[in-house]
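Undergrad: Below is the structure I would like to discuss, written out as structure tokens.
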Amino acid sequence: MIQLIRGFKDILPDETETWRHIEDTAIALFQSFGFKEIRLPIVEKAELFQRSIGELTDIVEKEMYTFAGSKEELITLRPEATASVVRSYIQQKLYAKEPIQKLYTIGPMFRRERPQKGRYRQFYQINAEVFGIASPYIDAQLIFMLWTFFERLKISGLTVQLNSLGCPACRPTFKAALSSFLASKTESLCKDCVRRQDKNPLRVLDCKVPSCQEAIGDAPSMTDYLCEDCAGHFNSVQSALKQQGIPFELTPRLVRGLDYYTRTAFEIQTNALGAQNAIAGGGRYDMLVKMLDGPEQPAIGFAIGLDRLAALVMQGHPQEELAPDIFIAALGEESREKTFEWSCALSVEGIRTEIDFSGKSLKALMKRANRINAANVLIVGTQEIEDSAIVLRNMVTKEQVTVPIEGMVNYIKKYLTTQNRVV
Ligand code: HAM
């Protein structure tokens, strides 16, 4: 038997309704905050991710699925969506029509990470990105929108972690301070961190290796180094969050494993999923559009991890089954023509209908109707058609009614409303 690849997974029918519910909830909410959908390719030039996420990040160094697109060109299965949205904003000149763009996109991402519960090599994200707004109110509004989204999904036990990563004016001083701090800890750092401690010391802060975590215990904090503008921005974000009643924790170690962030960075964590506890993360990336050869436009966004979120939603409430409203037990070859026609007509009317063409005995068909949790069974044999005495059996109350052949679809529709089945 050929099995799926390690780190990849199937999303089965008993999960997909939950996934769709999450997506629908996000779309309805995001649209009311002014977002529009954008759909982008899942492969891009490798260079796009190298330049945006950063050469010295785990994602770019170790986790990208990169292969030859042509002789000259390496292409990559996208490890995240922000870089692609920025690429499109620039390439399609979305800014020329209207610099302020609020875009969302939903789809698979690929990272060759070590697979474990809640961490996959193909995973799904719901992304929201805002271009063209520098105001701290938009930072707070995005976090408010995210918080409202989780509230709508009735998720509790969440914390918002908040930090500021400064800007090109203040970050270099912090980086220098961090590098010299790390120089005194070299012997406790892992191989990667030793390599990164000078060029990209921020990455040491989110290294998961326990000895590195220990070593950075007393490391300097970016928030102590913020310039006046960044400090002002950060304070305003916090005030606006308080105004909206969003609880948050200041988390000076939060640097988010991608290099493009400036100023506000945030993560939403849950206490209910074990080690992989981040269900959403995001932040500002005011330099990225320019860095990828676009105009100077501030931007901010986030991504929600759909796999982890679906697991969380299902922990509380297993998905409701999409059971048939009507199961047609067609008995005998002669009834097949009529029942086939009725089954099509019922489905067209929006009634969830299942018909069994197998020609098995009534007993066997009733067994299957039970197995798939059909609400009602329409029992149709040649004799029943001749006598115009088709039986509709309510599988819960076991009550039976006789259904007229003439106007059957309408009759069944009315009957279902008495069962509170929305048709
Ligand atoms: P990220 O923190 O790398 O950010 O990913 C966002 C979320 O995707 C995580 O919080 C997590 O829920 C989920 N996720 C990440 N990796 C995996 C994995 N291997 N398996 C399952 N779920 C995973 C970004 O990707 C940024 N592009 C977010 C952003 C948008 N920043 C600004 N705009």
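We label chains A, B, ... in the order they appear in the structure tokens, count residues from 1 in each chain, and number ligands from 1 in the order shown.
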Report as number ranges by chain which protein, DNA and RNA residues come within 8 Å of ligand 1, using only C-alpha atoms and all ligand atoms.
TA: A: 79-83, 110-113, 115, 118-125, 127-129, 256-258, 261, 267-269, 276-285, 300-309
Undergrad: Show which residues sit within 8 Å of stretch 27-34 of chain A, as number ranges by chain. Count only C-alpha atoms, and ignore same-chain residues fewer than 2 positions away.
TA: A: 23-25, 36, 102, 104, 145, 149
Undergrad: Generate a file of the selected residues that holds C-alpha atoms, formatted as a CSV table (one decimal), in the first residue's frame.
TA:
```csv
chain,number,residue,atom,x,y,z
A,23,GLU,CA,-13.0,29.6,6.8
A,24,ASP,CA,-16.5,31.0,6.4
A,25,THR,CA,-16.3,32.6,9.9
A,36,LYS,CA,-10.9,41.3,-0.1
A,102,LYS,CA,-6.6,44.9,2.7
A,104,TYR,CA,-6.8,37.9,2.7
A,145,MET,CA,-10.2,41.4,14.5
A,149,PHE,CA,-12.5,35.8,15.2
```
Undergrad: Where in stretch 28-261 of chain A does DSSP assign strand (DSSP E or B), given as JSON, numbers by chain?
TA: {"A": [36, 37, 43, 44, 45, 65, 66, 67, 68, 74, 75, 76, 77, 101, 102, 103, 104, 105, 106, 107, 108, 109, 110, 116, 119, 122, 123, 124, 125, 126, 127, 128, 129, 130, 131, 158, 159, 160, 161, 162, 163, 164, 249, 250]}
Undergrad: I want to know what sits within 12 Å of A:Leu322, based on only C-alpha atoms, with residues of the same chain fewer than 3 positions away left out; could you give that as a compact mmCIF listing (two decimals) with N, CA, C and O atoms, in the first residue's frame?
TA:
```txt
# COMPACT_ATOMS: atom_id res chain seq x y z
N PRO A 13 -13.44 13.71 5.67
CA PRO A 13 -14.79 14.31 5.73
C PRO A 13 -15.27 14.65 7.14
O PRO A 13 -16.05 15.57 7.30
N ASP A 14 -14.80 13.91 8.16
CA ASP A 14 -15.31 14.27 9.49
C ASP A 14 -14.57 15.48 10.08
O ASP A 14 -14.80 15.86 11.22
N GLU A 15 -13.67 16.11 9.27
CA GLU A 15 -13.03 17.35 9.71
C GLU A 15 -13.37 18.52 8.79
O GLU A 15 -13.29 19.67 9.18
N THR A 16 -13.70 18.20 7.54
CA THR A 16 -13.75 19.28 6.54
C THR A 16 -14.86 20.29 6.80
O THR A 16 -14.71 21.47 6.46
N GLU A 17 -15.96 19.86 7.42
CA GLU A 17 -17.02 20.83 7.73
C GLU A 17 -16.53 21.84 8.75
O GLU A 17 -16.86 23.02 8.68
N THR A 18 -15.73 21.36 9.70
CA THR A 18 -15.15 22.27 10.69
C THR A 18 -14.21 23.26 10.01
O THR A 18 -14.23 24.45 10.29
N GLN A 319 -17.32 17.40 14.96
CA GLN A 319 -18.13 17.93 13.88
C GLN A 319 -19.49 17.23 13.78
O GLN A 319 -19.57 16.03 13.92
N ASP A 325 -31.13 13.52 4.86
CA ASP A 325 -32.50 13.75 5.30
C ASP A 325 -33.37 12.56 4.90
O ASP A 325 -34.24 12.14 5.64
N ILE A 326 -33.11 12.10 3.70
CA ILE A 326 -33.92 10.99 3.15
C ILE A 326 -32.99 9.92 2.59
O ILE A 326 -32.06 10.22 1.85
N ILE A 351 -32.63 18.86 -0.58
CA ILE A 351 -32.85 17.84 0.46
C ILE A 351 -31.70 16.83 0.36
O ILE A 351 -31.43 16.30 -0.72
N ARG A 352 -31.01 16.61 1.47
CA ARG A 352 -29.86 15.67 1.41
C ARG A 352 -30.39 14.26 1.24
O ARG A 352 -31.00 13.69 2.14
N THR A 353 -30.19 13.72 0.04
CA THR A 353 -30.82 12.45 -0.32
C THR A 353 -29.77 11.42 -0.68
O THR A 353 -28.81 11.71 -1.39
N GLU A 354 -29.99 10.23 -0.20
CA GLU A 354 -29.09 9.12 -0.53
C GLU A 354 -29.96 8.00 -1.08
O GLU A 354 -30.98 7.66 -0.49
N ILE A 372 -25.61 5.15 8.32
CA ILE A 372 -25.24 6.51 7.86
C ILE A 372 -26.14 7.57 8.50
O ILE A 372 -26.13 8.73 8.09
N ASN A 373 -26.90 7.13 9.53
CA ASN A 373 -27.71 8.08 10.32
C ASN A 373 -28.76 8.83 9.52
O ASN A 373 -29.00 10.02 9.77
N ALA A 374 -29.36 8.16 8.55
CA ALA A 374 -30.42 8.81 7.76
C ALA A 374 -31.57 9.17 8.70
O ALA A 374 -31.93 8.39 9.58
N ALA A 375 -32.15 10.36 8.49
CA ALA A 375 -33.25 10.79 9.36
C ALA A 375 -34.55 10.08 9.00
O ALA A 375 -35.36 9.77 9.87
N ARG A 421 -35.90 20.33 9.96
CA ARG A 421 -34.78 20.21 9.02
C ARG A 421 -34.89 21.38 8.06
O ARG A 421 -35.93 21.57 7.44
```
Undergrad: Do you know which residues are at most 6 Å from stretch 135-141 of chain A counting only C-alpha atoms, after dropping those on the same chain fewer than 4 positions away, and could you put them as a tab-separated table (two decimals) with C-alpha atoms, in the first residue's frame?
TA:
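Just written: selection.tsv:
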```tsv
chain	number	residue	atom	x	y	z
A	233	HIS	CA	3.91	53.66	18.08
A	237	VAL	CA	-0.92	50.11	19.96
A	240	ALA	CA	-5.80	51.07	21.56
A	241	LEU	CA	-5.80	47.40	22.58
```
